[in-house]
$ cat my_file34.tsv   # TSV, C-alpha atoms and all ligand atoms
chain	number	residue	atom	x	y	z
A	317	MET	CA	-2.77	21.42	3.29
A	318	ARG	CA	-6.25	22.82	3.91
A	319	GLU	CA	-5.15	26.20	2.60
A	320	ALA	CA	-3.84	24.53	-0.55
A	321	ALA	CA	-7.33	23.09	-1.06
A	322	LEU	CA	-8.92	26.55	-0.71
A	323	ASP	CA	-6.68	28.05	-3.39
A	324	ALA	CA	-6.97	25.18	-5.89
A	325	VAL	CA	-7.76	26.01	-9.52
A	326	VAL	CA	-10.48	23.57	-10.56
A	327	GLY	CA	-12.43	22.24	-13.54
A	328	ASP	CA	-14.46	19.16	-14.47
A	329	GLU	CA	-12.29	16.12	-13.77
A	330	GLN	CA	-14.68	13.73	-15.47
A	331	LYS	CA	-13.86	15.55	-18.74
A	332	ASP	CA	-10.15	15.60	-17.77
A	333	GLU	CA	-10.42	19.39	-17.46
A	334	ASP	CA	-9.36	19.90	-13.85
A	335	PRO	CA	-5.93	21.59	-14.05
A	336	THR	CA	-4.83	20.74	-10.52
A	337	THR	CA	-5.75	17.08	-10.92
A	338	ARG	CA	-3.95	17.01	-14.28
A	339	GLU	CA	-0.86	18.49	-12.64
A	340	LEU	CA	-0.96	15.85	-9.91
A	341	CYS	CA	-1.29	13.04	-12.46
A	342	GLU	CA	1.59	14.40	-14.54
A	343	ARG	CA	3.77	14.71	-11.44
A	344	VAL	CA	3.03	11.16	-10.32
A	345	ALA	CA	3.47	9.67	-13.81
A	346	ALA	CA	6.92	11.30	-13.98
A	347	LEU	CA	7.77	10.22	-10.42
A	348	LEU	CA	6.90	6.61	-11.23
A	349	GLY	CA	8.50	6.67	-14.69
A	350	LYS	CA	5.25	5.98	-16.55
A	351	GLU	CA	3.54	7.63	-19.54
A	352	ALA	CA	0.29	8.58	-17.86
A	353	ALA	CA	-1.69	8.47	-14.63
A	354	VAL	CA	-5.21	8.80	-13.30
A	355	PHE	CA	-6.50	10.22	-10.02
A	356	LEU	CA	-8.69	7.89	-7.97
A	357	PRO	CA	-10.42	8.20	-4.60
A	358	SER	CA	-8.51	5.36	-2.95
A	359	GLY	CA	-5.72	2.85	-3.19
A	360	THR	CA	-8.22	0.02	-3.16
A	361	MET	CA	-9.75	1.43	-6.35
A	362	CYS	CA	-6.27	1.57	-7.93
A	363	ASN	CA	-5.73	-2.14	-7.26
A	364	GLU	CA	-9.19	-3.13	-8.40
A	365	ILE	CA	-9.12	-1.09	-11.61
A	366	ALA	CA	-5.62	-2.33	-12.43
A	367	ILE	CA	-6.69	-5.95	-12.00
A	368	ARG	CA	-9.75	-5.34	-14.14
A	369	VAL	CA	-7.68	-3.81	-16.95
A	370	HIS	CA	-4.97	-6.47	-16.91
A	371	THR	CA	-7.23	-9.54	-16.75
A	372	LYS	CA	-10.34	-11.21	-18.11
A	373	PRO	CA	-12.80	-13.34	-16.08
A	374	GLY	CA	-11.38	-16.76	-15.20
A	375	ASP	CA	-7.76	-15.56	-15.21
A	376	GLU	CA	-5.49	-16.03	-12.23
A	377	VAL	CA	-3.69	-13.30	-10.31
A	378	ILE	CA	-0.57	-14.25	-8.35
A	379	CYS	CA	0.36	-12.40	-5.17
A	380	GLU	CA	1.66	-12.91	-1.64
A	381	ARG	CA	-0.82	-14.39	0.85
A	382	SER	CA	-0.77	-11.50	3.34
A	383	CYS	CA	-1.40	-8.77	0.74
A	384	HIS	CA	-4.09	-6.12	0.87
A	385	LEU	CA	-5.90	-7.17	-2.26
A	386	ILE	CA	-6.52	-10.67	-0.87
A	387	ASN	CA	-7.35	-9.71	2.70
A	388	PHE	CA	-8.88	-6.25	2.81
A	389	GLU	CA	-10.69	-5.56	-0.47
A	390	THR	CA	-13.83	-7.60	0.29
A	391	GLY	CA	-13.17	-10.08	-2.50
A	392	GLY	CA	-12.99	-7.27	-5.08
A	393	PRO	CA	-10.85	-9.22	-7.59
A	394	ALA	CA	-13.54	-11.94	-7.72
A	395	ALA	CA	-16.50	-9.55	-7.60
A	396	ILE	CA	-15.24	-6.88	-10.00
A	397	SER	CA	-12.95	-8.78	-12.35
A	398	GLY	CA	-14.08	-12.42	-11.99
A	399	VAL	CA	-10.51	-13.60	-11.40
A	400	MET	CA	-9.01	-16.27	-9.22
A	401	ILE	CA	-6.12	-15.64	-6.85
A	402	GLN	CA	-3.07	-17.87	-6.53
A	403	PRO	CA	-1.46	-16.88	-3.21
A	404	ILE	CA	2.24	-17.46	-2.57
A	405	ASP	CA	3.42	-18.10	0.98
A	406	GLY	CA	6.30	-15.66	0.95
A	407	MET	CA	8.78	-14.29	3.44
A	408	ASN	CA	8.14	-10.86	4.96
A	409	GLY	CA	5.34	-10.26	2.49
A	410	THR	CA	7.73	-10.82	-0.42
A	411	PHE	CA	8.37	-13.78	-2.68
A	412	THR	CA	11.10	-14.85	-5.07
A	413	ALA	CA	11.20	-15.30	-8.82
A	414	ALA	CA	11.68	-19.04	-8.19
A	415	GLN	CA	8.49	-19.17	-6.13
A	416	LEU	CA	6.67	-17.29	-8.87
A	417	ARG	CA	7.89	-19.66	-11.60
A	418	GLN	CA	6.64	-22.58	-9.53
A	419	VAL	CA	3.04	-21.34	-9.54
A	420	ILE	CA	2.76	-19.94	-13.08
A	421	ARG	CA	0.53	-22.45	-14.82
A	422	PRO	CA	1.63	-24.21	-17.96
A	423	GLU	CA	-0.71	-23.71	-20.90
A	424	SER	CA	-3.65	-26.05	-20.55
A	425	ARG	CA	-7.21	-26.30	-21.77
A	426	TYR	CA	-8.26	-27.10	-18.18
A	427	ALA	CA	-6.46	-24.60	-15.97
A	428	PRO	CA	-7.05	-20.89	-15.42
A	429	GLU	CA	-4.53	-18.70	-17.24
A	430	SER	CA	-1.89	-17.05	-15.07
A	431	ARG	CA	-2.25	-13.44	-16.19
A	432	LEU	CA	-0.98	-10.96	-13.61
A	433	VAL	CA	1.56	-10.75	-10.78
A	434	CYS	CA	1.02	-8.21	-8.00
A	435	VAL	CA	3.56	-7.07	-5.42
A	436	GLU	CA	3.06	-4.79	-2.43
A	437	GLN	CA	5.77	-2.22	-1.64
A	438	THR	CA	6.10	-1.88	1.32
A	439	ALA	CA	4.51	-5.12	2.54
A	440	ASN	CA	1.91	-3.94	5.02
A	441	MET	CA	1.19	-7.05	7.10
A	442	ALA	CA	4.88	-7.94	7.21
A	443	GLY	CA	5.54	-4.77	9.21
A	444	GLY	CA	6.07	-2.37	6.31
A	445	ALA	CA	8.85	-4.53	4.87
A	446	VAL	CA	10.83	-3.12	1.94
A	447	TRP	CA	11.37	-5.59	-0.91
A	448	PRO	CA	15.02	-5.91	-1.95
A	449	LEU	CA	15.44	-4.18	-5.35
A	450	ASP	CA	16.99	-7.22	-7.05
A	451	GLN	CA	14.21	-9.46	-5.83
A	452	ILE	CA	11.39	-7.19	-6.99
A	453	ASN	CA	13.11	-6.85	-10.39
A	454	ASP	CA	13.69	-10.62	-10.67
A	455	VAL	CA	10.00	-11.21	-9.97
A	456	ALA	CA	9.04	-8.74	-12.70
A	457	ASN	CA	11.48	-10.37	-15.16
A	458	ALA	CA	10.16	-13.86	-14.39
A	459	ALA	CA	6.61	-12.60	-14.94
A	460	LYS	CA	7.56	-11.00	-18.27
A	461	GLU	CA	9.39	-14.11	-19.47
A	462	ALA	CA	6.15	-16.02	-18.96
A	463	GLY	CA	4.06	-13.31	-20.66
A	464	LEU	CA	2.35	-12.09	-17.48
A	465	ALA	CA	1.50	-8.47	-16.66
A	466	THR	CA	2.92	-6.88	-13.50
A	467	HIS	CA	1.30	-4.54	-10.98
A	468	MET	CA	2.73	-2.82	-7.90
A	469	ASP	CA	0.53	-1.82	-4.96
A	470	GLY	CA	2.60	1.17	-3.85
A	471	ALA	CA	0.39	2.32	-0.99
A	472	ARG	CA	3.64	2.97	0.92
A	473	LEU	CA	6.13	2.99	-1.96
A	474	LEU	CA	7.39	6.40	-0.84
A	475	ASN	CA	8.28	4.91	2.55
A	476	ALA	CA	10.47	2.44	0.65
A	477	VAL	CA	11.98	5.31	-1.36
A	478	VAL	CA	12.86	7.30	1.76
A	479	LYS	CA	14.16	4.22	3.58
A	480	SER	CA	16.29	2.93	0.69
A	481	GLY	CA	17.33	6.12	-1.09
A	482	ILE	CA	16.28	4.37	-4.32
A	483	SER	CA	14.03	6.45	-6.58
A	484	ALA	CA	10.38	5.56	-7.07
A	485	ALA	CA	10.95	5.13	-10.82
A	486	ARG	CA	13.66	2.52	-10.20
A	487	TRP	CA	11.39	0.56	-7.88
A	488	THR	CA	8.57	0.54	-10.43
A	489	GLU	CA	10.69	-0.09	-13.54
A	490	GLY	CA	9.56	-3.68	-14.11
A	491	TYR	CA	5.92	-2.99	-13.35
A	492	ASP	CA	3.28	-2.24	-15.99
A	493	SER	CA	1.08	-0.44	-13.48
A	494	CYS	CA	1.73	1.04	-10.07
A	495	TRP	CA	0.27	3.62	-7.71
A	496	ILE	CA	0.91	5.69	-4.64
A	497	ASP	CA	-1.50	6.63	-1.90
A	498	PHE	CA	-1.89	10.13	-0.51
A	499	SER	CA	-4.05	9.19	2.47
A	500	LYS	CA	-1.31	7.27	4.30
A	501	GLY	CA	1.99	8.83	5.34
A	502	LEU	CA	1.50	11.87	3.12
A	503	GLY	CA	-1.47	12.94	5.22
A	504	ALA	CA	-4.13	13.84	2.62
A	505	PRO	CA	-7.76	13.03	3.41
A	506	VAL	CA	-8.47	11.32	0.05
A	507	GLY	CA	-6.68	10.21	-3.06
A	508	ALA	CA	-4.37	7.83	-4.86
A	509	VAL	CA	-2.83	8.00	-8.33
A	510	LEU	CA	-2.53	4.96	-10.61
A	511	ALA	CA	0.12	5.12	-13.35
A	512	GLY	CA	1.03	3.07	-16.42
A	513	SER	CA	1.23	3.28	-20.21
A	514	SER	CA	-1.14	5.65	-22.01
A	515	ALA	CA	-3.11	2.68	-23.33
A	516	PHE	CA	-3.43	1.21	-19.83
A	517	ILE	CA	-4.58	4.54	-18.38
A	518	ASN	CA	-7.17	4.98	-21.16
A	519	GLN	CA	-8.65	1.65	-20.15
A	520	ALA	CA	-8.39	2.54	-16.45
A	521	TRP	CA	-10.40	5.71	-17.17
A	522	ARG	CA	-13.19	3.62	-18.69
A	523	ILE	CA	-13.43	1.41	-15.59
A	524	LYS	CA	-13.20	4.48	-13.33
A	525	GLN	CA	-16.22	5.93	-15.15
A	526	GLN	CA	-18.04	2.61	-15.04
A	527	ILE	CA	-17.74	2.14	-11.28
A	528	GLY	CA	-18.47	5.77	-10.43
A	529	GLY	CA	-14.96	6.95	-9.58
A	530	ALA	CA	-14.94	9.94	-11.95
A	531	MET	CA	-15.26	13.28	-10.16
A	532	ARG	CA	-15.98	16.95	-10.80
A	533	GLN	CA	-13.86	19.66	-9.07
A	534	SER	CA	-11.37	17.14	-7.74
A	535	GLY	CA	-8.64	19.80	-7.80
A	536	ILE	CA	-9.65	20.60	-4.22
A	537	LEU	CA	-8.47	17.10	-3.30
A	538	ALA	CA	-5.57	17.00	-5.73
A	539	ALA	CA	-4.19	20.24	-4.28
A	540	MET	CA	-3.95	18.53	-0.88
A	541	CYS	CA	-2.18	15.57	-2.49
A	542	LEU	CA	0.29	17.94	-4.20
A	543	TYR	CA	0.89	19.57	-0.82
A	544	GLY	CA	1.64	16.13	0.64
A	545	LEU	CA	4.04	15.36	-2.20
A	546	ASP	CA	5.87	18.67	-1.74
A	547	ASN	CA	5.98	18.74	2.06
A	548	ASN	CA	5.47	15.33	3.63
A	549	VAL	CA	7.74	12.89	1.83
A	550	GLU	CA	11.15	13.51	3.41
A	551	ARG	CA	9.62	13.55	6.87
A	552	LEU	CA	8.56	9.89	6.47
A	553	ALA	CA	12.04	9.20	7.89
A	554	GLU	CA	10.78	10.58	11.22
A	555	ASP	CA	7.97	7.98	11.19
A	556	HIS	CA	10.54	5.25	10.54
A	557	ASP	CA	12.74	6.44	13.41
A	558	LEU	CA	9.81	6.57	15.81
A	559	ALA	CA	8.66	3.08	14.79
A	560	ALA	CA	12.17	1.73	15.41
A	561	ARG	CA	12.24	3.36	18.85
A	562	ILE	CA	8.85	1.89	19.78
A	563	ALA	CA	10.00	-1.57	18.63
A	564	GLU	CA	13.13	-1.25	20.79
A	565	ALA	CA	10.97	-0.52	23.83
A	566	LEU	CA	8.61	-3.41	23.03
A	567	ALA	CA	11.55	-5.81	22.90
A	568	THR	CA	12.16	-5.17	26.61
A	569	PHE	CA	8.59	-6.06	27.69
A	570	ASP	CA	7.93	-9.42	29.41
A	571	HIS	CA	4.81	-10.36	27.44
A	572	VAL	CA	5.91	-9.57	23.91
A	573	ASP	CA	6.55	-12.84	22.08
A	574	ARG	CA	7.63	-11.72	18.66
A	575	ILE	CA	8.16	-8.43	16.83
A	576	LEU	CA	8.27	-8.54	13.03
A	577	PRO	CA	11.33	-6.73	11.62
A	578	VAL	CA	10.50	-3.00	11.55
A	579	ASP	CA	11.71	-1.65	8.21
A	580	THR	CA	9.59	1.50	7.97
A	581	ASN	CA	6.55	2.83	9.83
A	582	ILE	CA	4.60	-0.31	10.81
A	583	ILE	CA	5.15	-2.31	13.99
A	584	ILE	CA	3.53	-5.72	14.23
A	585	PHE	CA	4.00	-7.79	17.36
A	586	ASP	CA	2.48	-10.78	19.17
A	587	VAL	CA	1.59	-10.79	22.85
A	588	SER	CA	2.23	-13.93	24.89
A	589	GLU	CA	-0.43	-16.29	26.25
A	590	GLY	CA	-0.32	-15.00	29.82
A	591	ALA	CA	-1.00	-11.39	28.78
A	592	PRO	CA	-4.33	-9.71	27.99
A	593	THR	CA	-5.55	-10.49	24.46
A	594	ALA	CA	-4.82	-8.16	21.54
A	595	PRO	CA	-8.44	-6.84	21.43
A	596	GLU	CA	-8.25	-6.18	25.21
A	597	ILE	CA	-4.98	-4.31	24.82
A	598	VAL	CA	-6.34	-2.26	21.91
A	599	ALA	CA	-9.44	-1.36	23.97
A	600	SER	CA	-7.26	-0.34	26.90
A	601	LEU	CA	-4.99	1.80	24.66
A	602	GLU	CA	-8.07	3.53	23.30
A	603	GLN	CA	-8.90	4.69	26.81
A	604	ASP	CA	-5.50	6.42	26.79
A	605	GLY	CA	-6.30	8.08	23.46
A	606	ILE	CA	-4.14	5.68	21.41
A	607	LEU	CA	-5.56	3.94	18.34
A	608	ALA	CA	-4.04	0.56	17.44
A	609	GLY	CA	-5.22	-2.49	15.48
A	610	ALA	CA	-5.81	-6.06	16.72
A	611	PHE	CA	-5.41	-8.92	14.26
A	612	GLY	CA	-6.74	-12.05	15.92
A	613	GLU	CA	-6.24	-12.87	19.60
A	614	ARG	CA	-2.53	-12.17	19.89
A	615	ARG	CA	-1.33	-9.84	17.12
A	616	ILE	CA	-1.22	-6.02	17.33
A	617	ARG	CA	-0.38	-3.52	14.58
A	618	LEU	CA	0.84	0.01	15.24
A	619	VAL	CA	1.47	2.63	12.55
A	620	THR	CA	3.47	5.83	12.98
A	621	HIS	CA	2.48	8.83	10.87
A	622	LEU	CA	2.61	12.60	10.73
A	623	ASP	CA	0.01	13.05	13.47
A	624	VAL	CA	2.11	11.26	16.09
A	625	ASP	CA	5.35	12.66	17.46
A	626	LYS	CA	8.00	11.42	19.87
A	627	ASN	CA	5.86	12.40	22.89
A	628	ALA	CA	2.97	10.35	21.56
A	629	GLY	CA	5.43	7.46	21.17
A	630	ASP	CA	6.43	7.84	24.82
A	631	VAL	CA	2.77	7.83	25.93
A	632	LEU	CA	2.21	4.66	23.89
A	633	CYS	CA	5.24	2.89	25.36
A	634	LYS	CA	4.18	3.81	28.90
A	635	SER	CA	0.66	2.47	28.35
A	636	LEU	CA	1.98	-0.70	26.75
A	637	ALA	CA	4.53	-1.23	29.52
A	638	ALA	CA	1.73	-1.17	32.09
A	639	LEU	CA	-0.11	-3.90	30.16
A	640	LEU	CA	2.76	-6.05	28.96
A	641	SER	CA	5.45	-5.62	31.57
A	642	PRO	CA	3.51	-5.06	34.81
B	701	LIG	C1	-0.78	-2.23	1.09
B	701	LIG	C2	-2.08	-1.53	0.95
B	701	LIG	N1	-2.67	-1.52	-0.24
B	701	LIG	C3	-3.83	-0.89	-0.44
B	701	LIG	C4	-4.45	-0.21	0.58
B	701	LIG	C5	-5.74	0.49	0.30
B	701	LIG	O1	-5.62	1.87	0.32
B	701	LIG	P1	-6.90	2.80	0.57
B	701	LIG	O2	-7.14	2.77	2.05
B	701	LIG	O3	-6.47	4.14	0.06
B	701	LIG	O4	-8.03	2.21	-0.19
B	701	LIG	C6	-3.88	-0.20	1.85
B	701	LIG	C7	-4.54	0.48	2.96
B	701	LIG	O5	-4.17	0.35	4.11
B	701	LIG	C8	-2.66	-0.89	2.04
B	701	LIG	O6	-2.06	-0.95	3.24
$ encode --input "my_file34.tsv" --output "structure tokens"
Amino acid sequence: MREAALDAVVGDEQKDEDPTTRELCERVAALLGKEAAVFLPSGTMCNEIAIRVHTKPGDEVICERSCHLINFETGGPAAISGVMIQPIDGMNGTFTAAQLRQVIRPESRYAPESRLVCVEQTANMAGGAVWPLDQINDVANAAKEAGLATHMDGARLLNAVVKSGISAARWTEGYDSCWIDFSKGLGAPVGAVLAGSSAFINQAWRIKQQIGGAMRQSGILAAMCLYGLDNNVERLAEDHDLAARIAEALATFDHVDRILPVDTNIIIFDVSEGAPTAPEIVASLEQDGILAGAFGERRIRLVTHLDVDKNAGDVLCKSLAALLSP
């Protein structure tokens, strides 16, 4: 990947003259079945720009309560786009068309206008859950029937593709905008690509320029993303297998209360009251060279990726066994 960066042919991206970045955008637009795409530094910027393009201040965005754009984007939708959020309490980070219809607001002089529906594929805080295809399509259809725009946060869409065998373009069919991240399972240091219609991407470019996301010789970065696309997609299956193996081991430990279903590469589990707290466990794992995330007092999140192999999984399970099954 680093060698790909060294050899990249570059130009001025801000003028849309960087050939490697253009190639990446064309590849991703085709992959996601959209007319055009734009390279951005991060997935967060993809979500925030998409919301800004689809909405106007005072509008309402509908999404699942555990999603990234509510919980981890520092209030970006409010700060950048001036929108309200209507969260749905879903199941496994997903929701149904019926739940969506229930919260779409009828036309009223008093209420905010429901404008945009966002889904997250896979659902991060539900343990990398893959939406069922019918359900994600039904949600898009319900949104369209009511005149709403649709956006897919596809930070880990390619995990869903590898897990399901369903192409990225089929997953994104009902969605006006969508994106994939290169700095997750694909292993690039920077980069995400947001795709949609040509008109949508023209508007996205304007916001990208406005908030300082336009770059110069971004081909150095895009070349690493292309490398990830060419070399690191199929191997996501190894991350899924390792995550499943770790979850199996966790299920045998005395102080593990609940493990969310492990669909892809994210393992989320709760430790029981008698055990050390999640932050204590995470601190202890760090001493063994293992990085994990604590969410509150009892919940831990583990992610498998291309830098951890089966041996690393064994080290993790041994360390966790000492803490949770002494
Ligand atoms: C579901 C989801 N959306 C968006 C993001 C943001 O991506 P980035 O870290 O590239 O800004 C993340 C990051 O973890 C994520 O999990």
$ closest_residue --input "my_file34.tsv" --among "A:Ala553, A:Val509, A:Ala462, A:Leu502" --to "A:Gly481" --atoms "all atoms listed in the file"
A:Ala553
$ closest_atom_pairs --input "my_file34.tsv" --of "chain A" --to "ligand LIG 701 (chain B)" --cutoff "8 Å" --atoms "all atoms listed in the file" --output "JSON lines"
{"residue": "A:Pro357", "atom": "CA", "partner": "B:LIG701", "partner_atom": "O3", "distance": 7.3}
{"residue": "A:Ser358", "atom": "CA", "partner": "B:LIG701", "partner_atom": "O3", "distance": 3.8}
{"residue": "A:Gly359", "atom": "CA", "partner": "B:LIG701", "partner_atom": "O3", "distance": 3.6}
{"residue": "A:Thr360", "atom": "CA", "partner": "B:LIG701", "partner_atom": "O4", "distance": 3.7}
{"residue": "A:Met361", "atom": "CA", "partner": "B:LIG701", "partner_atom": "O4", "distance": 6.4}
{"residue": "A:Cys362", "atom": "CA", "partner": "B:LIG701", "partner_atom": "O4", "distance": 8.0}
{"residue": "A:Asn363", "atom": "CA", "partner": "B:LIG701", "partner_atom": "C3", "distance": 7.2}
{"residue": "A:Cys383", "atom": "CA", "partner": "B:LIG701", "partner_atom": "C1", "distance": 6.6}
{"residue": "A:His384", "atom": "CA", "partner": "B:LIG701", "partner_atom": "N1", "distance": 4.9}
{"residue": "A:Leu385", "atom": "CA", "partner": "B:LIG701", "partner_atom": "N1", "distance": 6.8}
{"residue": "A:Phe388", "atom": "CA", "partner": "B:LIG701", "partner_atom": "C4", "distance": 7.8}
{"residue": "A:Glu389", "atom": "CA", "partner": "B:LIG701", "partner_atom": "C5", "distance": 7.9}
{"residue": "A:Glu436", "atom": "CA", "partner": "B:LIG701", "partner_atom": "C1", "distance": 5.8}
{"residue": "A:Gln437", "atom": "CA", "partner": "B:LIG701", "partner_atom": "C1", "distance": 7.1}
{"residue": "A:Thr438", "atom": "CA", "partner": "B:LIG701", "partner_atom": "C1", "distance": 6.9}
{"residue": "A:Ala439", "atom": "CA", "partner": "B:LIG701", "partner_atom": "C1", "distance": 6.2}
{"residue": "A:Asn440", "atom": "CA", "partner": "B:LIG701", "partner_atom": "C1", "distance": 5.1}
{"residue": "A:Met441", "atom": "CA", "partner": "B:LIG701", "partner_atom": "O6", "distance": 7.9}
{"residue": "A:Asp469", "atom": "CA", "partner": "B:LIG701", "partner_atom": "N1", "distance": 5.7}
{"residue": "A:Gly470", "atom": "CA", "partner": "B:LIG701", "partner_atom": "C1", "distance": 6.9}
{"residue": "A:Ala471", "atom": "CA", "partner": "B:LIG701", "partner_atom": "N1", "distance": 5.0}
{"residue": "A:Arg472", "atom": "CA", "partner": "B:LIG701", "partner_atom": "C1", "distance": 6.8}
{"residue": "A:Asp497", "atom": "CA", "partner": "B:LIG701", "partner_atom": "O3", "distance": 5.9}
{"residue": "A:Phe498", "atom": "CA", "partner": "B:LIG701", "partner_atom": "O3", "distance": 7.6}
{"residue": "A:Ser499", "atom": "CA", "partner": "B:LIG701", "partner_atom": "O3", "distance": 6.1}
{"residue": "A:Lys500", "atom": "CA", "partner": "B:LIG701", "partner_atom": "O3", "distance": 7.4}
{"residue": "A:Val506", "atom": "CA", "partner": "B:LIG701", "partner_atom": "O3", "distance": 7.5}
{"residue": "A:Gly507", "atom": "CA", "partner": "B:LIG701", "partner_atom": "O3", "distance": 6.8}
{"residue": "A:Ala508", "atom": "CA", "partner": "B:LIG701", "partner_atom": "O3", "distance": 6.5}
$ closest_residue --input "my_file34.tsv" --among "A:Leu558, A:Met317, A:Leu510, A:Ala610" --to "A:Ile367" --atoms "only C-alpha atoms"
A:Leu510
$ residues_near_point --input "my_file34.tsv" --point "(-0.7, 7.6, 20.5)" --cutoff "10 Å" --atoms "all atoms listed in the file" --output "list in words"
Leu601, Glu602, Asp604, Gly605, Ile606, Leu607, Ala608, Leu618, Val619, Thr620, Asp623, Val624, Asp625, Lys626, Asn627, Ala628, Gly629, Asp630, Val631, Leu632, Cys633 and Ser635 of chain A
$ closest_residue --input "my_file34.tsv" --among "A:Val578, A:Ile365, A:Val598, A:Ala539" --to "A:Thr336" --atoms "all atoms listed in the file"
A:Ala539
$ residues_near_point --input "my_file34.tsv" --point "(-15.5, -8.1, -9.4)" --cutoff "10 Å" --atoms "only C-alpha atoms" --output "list in words"
Glu364, Ile365, Ile367, Arg368, Pro373, Thr390, Gly391, Gly392, Pro393, Ala394, Ala395, Ile396, Ser397, Gly398 and Val399 of chain A
$ residues_around --input "my_file34.tsv" --residues "A:Met407" --least-positions-apart "5" --cutoff "9 Å" --atoms "only C-alpha atoms" --output "PyMOL selection string"
chain A and resi 380+412+442
$ atom_distance --input "my_file34.tsv" --atom1 "atom CA of A:Asp375" --atom2 "atom CA of A:Ile452"
22.5 Å
$ closest_residue --input "my_file34.tsv" --among "A:Pro403, A:Pro448, A:Gly501, A:Gly512" --to "A:Leu545" --atoms "only C-alpha atoms"
A:Gly501
$ residues_around --input "my_file34.tsv" --residues "stretch 416-430 of chain A" --least-positions-apart "6" --cutoff "12 Å" --atoms "all atoms listed in the file" --output "JSON, numbers by chain"
{"A": [370, 371, 372, 373, 374, 375, 376, 377, 378, 379, 380, 398, 399, 400, 401, 402, 403, 404, 405, 406, 410, 451, 452, 454, 455, 456, 457, 458, 459, 460, 461, 462, 463, 464, 465, 466]}
$ atom_distance --input "my_file34.tsv" --atom1 "atom CA of A:Gly349" --atom2 "atom CA of A:Glu319"
29.4 Å
$ closest_residue --input "my_file34.tsv" --among "A:Gly443, A:Gly409, A:Pro595, A:Gly535" --to "A:Leu340" --atoms "only C-alpha atoms"
A:Gly535
$ closest_residue --input "my_file34.tsv" --among "A:Phe585, A:Trp487, A:Phe411, A:Trp495" --to "A:Phe355" --atoms "all atoms listed in the file"
A:Trp495
$ atom_distance --input "my_file34.tsv" --atom1 "atom CA of A:Asp579" --atom2 "atom CA of A:Val446"
6.5 Å
$ residues_around --input "my_file34.tsv" --residues "A:Asp546" --least-positions-apart "3" --cutoff "12 Å" --atoms "all atoms listed in the file" --output "ChimeraX atom specification"
/A:317,320,340,343-344,498,502-504,539-543,549-551
$ axis_aligned_box --input "my_file34.tsv" --around "stretch 621-632 of chain A" --padding-each-side "8 Å" --output "AutoDock Vina command-line options"
--center_x 4.0 --center_y 8.9 --center_z 18.3 --size_x 24.0 --size_y 24.4 --size_z 31.2
